[in-house]
file structure24.txt (compact mmCIF, C-alpha atoms)
# COMPACT_ATOMS: atom_id res chain seq x y z
CA ASN A 1 -0.91 31.38 5.35
CA LEU A 2 -1.99 28.55 3.07
CA SER A 3 -5.72 29.17 3.49
CA THR A 4 -5.48 32.68 2.00
CA ALA A 5 -3.66 31.32 -1.07
CA VAL A 6 -6.39 28.78 -1.84
CA GLN A 7 -9.17 30.27 -3.95
CA LYS A 8 -12.71 29.97 -2.64
CA GLY A 9 -13.80 26.38 -3.35
CA GLY A 10 -10.22 25.33 -4.16
CA TYR A 11 -8.10 23.13 -1.95
CA ALA A 12 -4.56 22.61 -0.70
CA VAL A 13 -2.44 19.47 -1.12
CA THR A 14 1.17 18.64 -0.21
CA ALA A 15 3.88 16.49 -1.75
CA ARG A 16 7.36 15.52 -0.52
CA PHE A 17 10.40 15.40 -2.79
CA GLU A 18 14.01 14.37 -2.28
CA ASN A 19 15.09 17.29 -4.49
CA ILE A 20 13.05 20.16 -5.95
CA GLY A 21 15.85 21.74 -7.98
CA GLY A 22 14.93 25.35 -8.77
CA LEU A 23 11.20 25.08 -7.99
CA LYS A 24 9.89 28.32 -6.48
CA VAL A 25 6.83 29.59 -4.67
CA ARG A 26 4.21 30.62 -7.30
CA SER A 27 5.52 28.03 -9.78
CA PRO A 28 2.67 26.47 -11.74
CA VAL A 29 1.11 23.10 -11.02
CA LYS A 30 0.05 21.48 -14.31
CA MET A 31 -1.82 18.43 -15.60
CA SER A 32 -1.39 17.57 -19.30
CA GLY A 33 0.29 20.97 -19.69
CA VAL A 34 -2.76 22.81 -18.33
CA PRO A 35 -2.27 24.96 -15.20
CA VAL A 36 -4.42 23.61 -12.36
CA GLY A 37 -2.83 25.44 -9.43
CA ARG A 38 0.25 27.07 -7.92
CA VAL A 39 2.99 26.25 -5.43
CA VAL A 40 2.18 28.28 -2.31
CA SER A 41 5.01 27.26 0.01
CA ILE A 42 8.16 25.19 0.15
CA GLY A 43 9.51 23.83 3.41
CA PHE A 44 12.06 21.32 4.62
CA ASP A 45 11.43 18.33 6.88
CA ASP A 46 14.66 17.96 8.86
CA LYS A 47 13.64 14.57 10.25
CA ILE A 48 13.57 12.79 6.89
CA TYR A 49 15.51 15.40 4.87
CA GLU A 50 12.90 16.06 2.21
CA ALA A 51 11.36 19.18 0.69
CA VAL A 52 7.68 19.66 1.47
CA VAL A 53 5.78 21.46 -1.29
CA GLU A 54 2.33 22.87 -0.59
CA MET A 55 0.11 23.52 -3.60
CA ALA A 56 -3.18 25.35 -4.04
CA ILE A 57 -5.41 23.61 -6.58
CA GLU A 58 -8.01 25.76 -8.35
CA PRO A 59 -11.67 25.06 -7.49
CA GLN A 60 -12.73 23.71 -10.91
CA PHE A 61 -10.26 20.78 -10.65
CA THR A 62 -12.05 18.56 -8.14
CA ARG A 63 -11.55 15.19 -9.86
CA ILE A 64 -7.82 14.59 -9.34
CA PRO A 65 -7.43 10.93 -8.21
CA THR A 66 -5.78 10.20 -4.85
CA ASP A 67 -3.13 8.02 -6.54
CA THR A 68 -1.93 10.90 -8.74
CA THR A 69 1.85 11.25 -9.07
CA ALA A 70 3.69 14.57 -8.75
CA SER A 71 6.97 15.34 -10.53
CA VAL A 72 9.21 18.39 -10.61
CA LEU A 73 9.62 19.13 -14.33
CA THR A 74 11.27 21.80 -16.47
CA SER A 75 9.67 23.72 -19.35
CA GLY A 76 12.04 23.17 -22.27
CA LEU A 77 15.73 22.56 -21.79
CA LEU A 78 16.48 25.40 -19.39
CA GLY A 79 13.03 26.84 -18.68
CA GLU A 80 11.16 27.36 -15.44
CA GLN A 81 10.42 24.44 -13.18
CA TYR A 82 6.90 23.41 -12.26
CA VAL A 83 5.02 20.55 -10.60
CA GLY A 84 3.50 18.15 -13.11
CA LEU A 85 0.62 15.94 -11.97
CA ASP A 86 -0.14 12.63 -13.67
CA PRO A 87 -3.54 11.24 -12.70
CA GLY A 88 -3.88 7.72 -11.42
CA ALA A 89 -6.87 5.39 -11.71
CA GLU A 90 -8.33 5.68 -8.19
CA GLU A 91 -12.01 6.57 -7.97
CA LYS A 92 -11.48 8.70 -4.86
CA PHE A 93 -10.31 12.27 -5.40
CA LEU A 94 -7.89 14.60 -3.61
CA LYS A 95 -9.42 17.01 -1.13
CA ASN A 96 -8.20 19.82 1.09
CA GLY A 97 -5.29 18.74 3.29
CA ASP A 98 -4.44 15.54 1.38
CA ALA A 99 -0.91 14.53 0.45
CA ILE A 100 0.34 13.20 -2.87
CA THR A 101 2.55 10.30 -1.85
CA ILE A 102 3.99 9.18 -5.19
CA THR A 103 6.58 11.75 -6.28
CA GLN A 104 9.48 12.09 -8.70
CA SER A 105 12.22 14.57 -7.81
CA SER A 106 13.77 17.12 -10.13
CA LEU A 107 16.39 15.95 -12.59
CA ILE A 108 19.49 17.96 -11.73
CA LEU A 109 21.37 18.86 -14.90
CA GLU A 110 24.74 19.13 -13.12
CA LYS A 111 24.40 15.62 -11.66
CA LEU A 112 23.42 14.21 -15.04
CA ILE A 113 26.41 15.83 -16.76
CA GLY A 114 28.68 14.55 -13.98
CA GLN A 115 27.38 11.00 -14.43
CA ILE A 116 27.93 11.16 -18.19
CA LEU A 117 31.48 12.47 -17.78
CA TYR A 118 32.25 9.87 -15.11
CA SER A 119 30.91 6.97 -17.21
CA LYS A 120 32.80 8.24 -20.28
CA ALA A 121 36.04 8.51 -18.28
CA ALA A 122 35.50 5.02 -16.81
CA GLY A 123 34.89 3.65 -20.31
CA GLU A 124 38.08 5.18 -21.64
CA GLY A 125 40.02 3.77 -18.69
CA ASN A 126 39.09 0.24 -19.77
CA LYS A 127 40.77 0.61 -23.16
call {"tool": "encode", "arguments": {"input": "structure24.txt", "output": "structure tokens"}}
result
Amino acid sequence: NLSTAVQKGGYAVTARFENIGGLKVRSPVKMSGVPVGRVVSIGFDDKIYEAVVEMAIEPQFTRIPTDTTASVLTSGLLGEQYVGLDPGAEEKFLKNGDAITITQSSLILEKLIGQILYSKAAGEGNK
């Protein structure tokens, strides 16, 4: 139940991602490296094939602009994954039930390595 996970005075927001990598429930939500909330649930929309991440934002963080972007990031090279928020410039702020619409999916290390190996092999094939 999302409402029990949101602290008194806090609020819940959602974001959709094409790929969340290893993001987990209870992963931190951070702005400028500062924890501002937690992931409370992760679902899957089988109509558009995207992950739906619900986050509880702590009550003291009430001035997060509505055009904020959300990205799935990794702490260090192989650390835990978390949702990073980058504030926009809008003068309206997120409130309970809002959705963050601008998102950046997780960078999947295996895909990146595969692309590097493929491009290297293609480059050697041209010699």
call {"tool": "atom_distance", "arguments": {"input": "structure24.txt", "atom1": "atom CA of A:Phe17", "atom2": "atom CA of A:Gln60"}}
result
25.9 Å
call {"tool": "residues_around", "arguments": {"input": "structure24.txt", "residues": "A:Arg26", "least_positions_apart": "3", "cutoff": "10 Å", "atoms": "all atoms listed in the file", "output": "number ranges by chain"}}
result
A: 23, 29, 37-41, 55-56, 82
call {"tool": "closest_residue", "arguments": {"input": "structure24.txt", "among": "A:Asp86, A:Met31, A:Tyr11, A:Ala70", "to": "A:Thr103", "atoms": "only C-alpha atoms"}}
result
A:Ala70
call {"tool": "closest_residue", "arguments": {"input": "structure24.txt", "among": "A:Ile64, A:Ile20, A:Ile57, A:Ala122", "to": "A:Phe44", "atoms": "all atoms listed in the file"}}
result
A:Ile20
call {"tool": "atom_distance", "arguments": {"input": "structure24.txt", "atom1": "atom CA of A:Glu18", "atom2": "atom CA of A:Gln104"}}
result
8.2 Å
call {"tool": "closest_residue", "arguments": {"input": "structure24.txt", "among": "A:Lys92, A:Lys30, A:Val53, A:Glu58", "to": "A:Gly9", "atoms": "all atoms listed in the file"}}
result
A:Glu58
call {"tool": "closest_residue", "arguments": {"input": "structure24.txt", "among": "A:Gly10, A:Gly79, A:Gly84, A:Gly97", "to": "A:Val34", "atoms": "only C-alpha atoms"}}
result
A:Gly84
call {"tool": "atom_distance", "arguments": {"input": "structure24.txt", "atom1": "atom CA of A:Glu80", "atom2": "atom CA of A:Val13"}}
result
21.3 Å
call {"tool": "residues_near_point", "arguments": {"input": "structure24.txt", "point": "(10.6, 14.5, -5.7)", "cutoff": "10 Å", "atoms": "all atoms listed in the file", "output": "list in words"}}
result
Ala15, Arg16, Phe17, Glu18, Asn19, Ile20, Gly21, Glu50, Ala51, Val52, Val53, Thr69, Ala70, Ser71, Val72, Leu73, Val83, Thr101, Ile102, Thr103, Gln104, Ser105, Ser106 and Leu107 of chain A
call {"tool": "write_last_selection", "arguments": {"input": "structure24.txt", "atoms": "C-alpha atoms", "output": "PDB file, keeping the file's coordinate frame"}}
result
ATOM      1  CA  ALA A  15       3.880  16.490  -1.750  1.00  0.00           C
ATOM      2  CA  ARG A  16       7.360  15.520  -0.520  1.00  0.00           C
ATOM      3  CA  PHE A  17      10.400  15.400  -2.790  1.00  0.00           C
ATOM      4  CA  GLU A  18      14.010  14.370  -2.280  1.00  0.00           C
ATOM      5  CA  ASN A  19      15.090  17.290  -4.490  1.00  0.00           C
ATOM      6  CA  ILE A  20      13.050  20.160  -5.950  1.00  0.00           C
ATOM      7  CA  GLY A  21      15.850  21.740  -7.980  1.00  0.00           C
ATOM      8  CA  GLU A  50      12.900  16.060   2.210  1.00  0.00           C
ATOM      9  CA  ALA A  51      11.360  19.180   0.690  1.00  0.00           C
ATOM     10  CA  VAL A  52       7.680  19.660   1.470  1.00  0.00           C
ATOM     11  CA  VAL A  53       5.780  21.460  -1.290  1.00  0.00           C
ATOM     12  CA  THR A  69       1.850  11.250  -9.070  1.00  0.00           C
ATOM     13  CA  ALA A  70       3.690  14.570  -8.750  1.00  0.00           C
ATOM     14  CA  SER A  71       6.970  15.340 -10.530  1.00  0.00           C
ATOM     15  CA  VAL A  72       9.210  18.390 -10.610  1.00  0.00           C
ATOM     16  CA  LEU A  73       9.620  19.130 -14.330  1.00  0.00           C
ATOM     17  CA  VAL A  83       5.020  20.550 -10.600  1.00  0.00           C
ATOM     18  CA  THR A 101       2.550  10.300  -1.850  1.00  0.00           C
ATOM     19  CA  ILE A 102       3.990   9.180  -5.190  1.00  0.00           C
ATOM     20  CA  THR A 103       6.580  11.750  -6.280  1.00  0.00           C
ATOM     21  CA  GLN A 104       9.480  12.090  -8.700  1.00  0.00           C
ATOM     22  CA  SER A 105      12.220  14.570  -7.810  1.00  0.00           C
ATOM     23  CA  SER A 106      13.770  17.120 -10.130  1.00  0.00           C
ATOM     24  CA  LEU A 107      16.390  15.950 -12.590  1.00  0.00           C
TER      25      LEU A 107
END
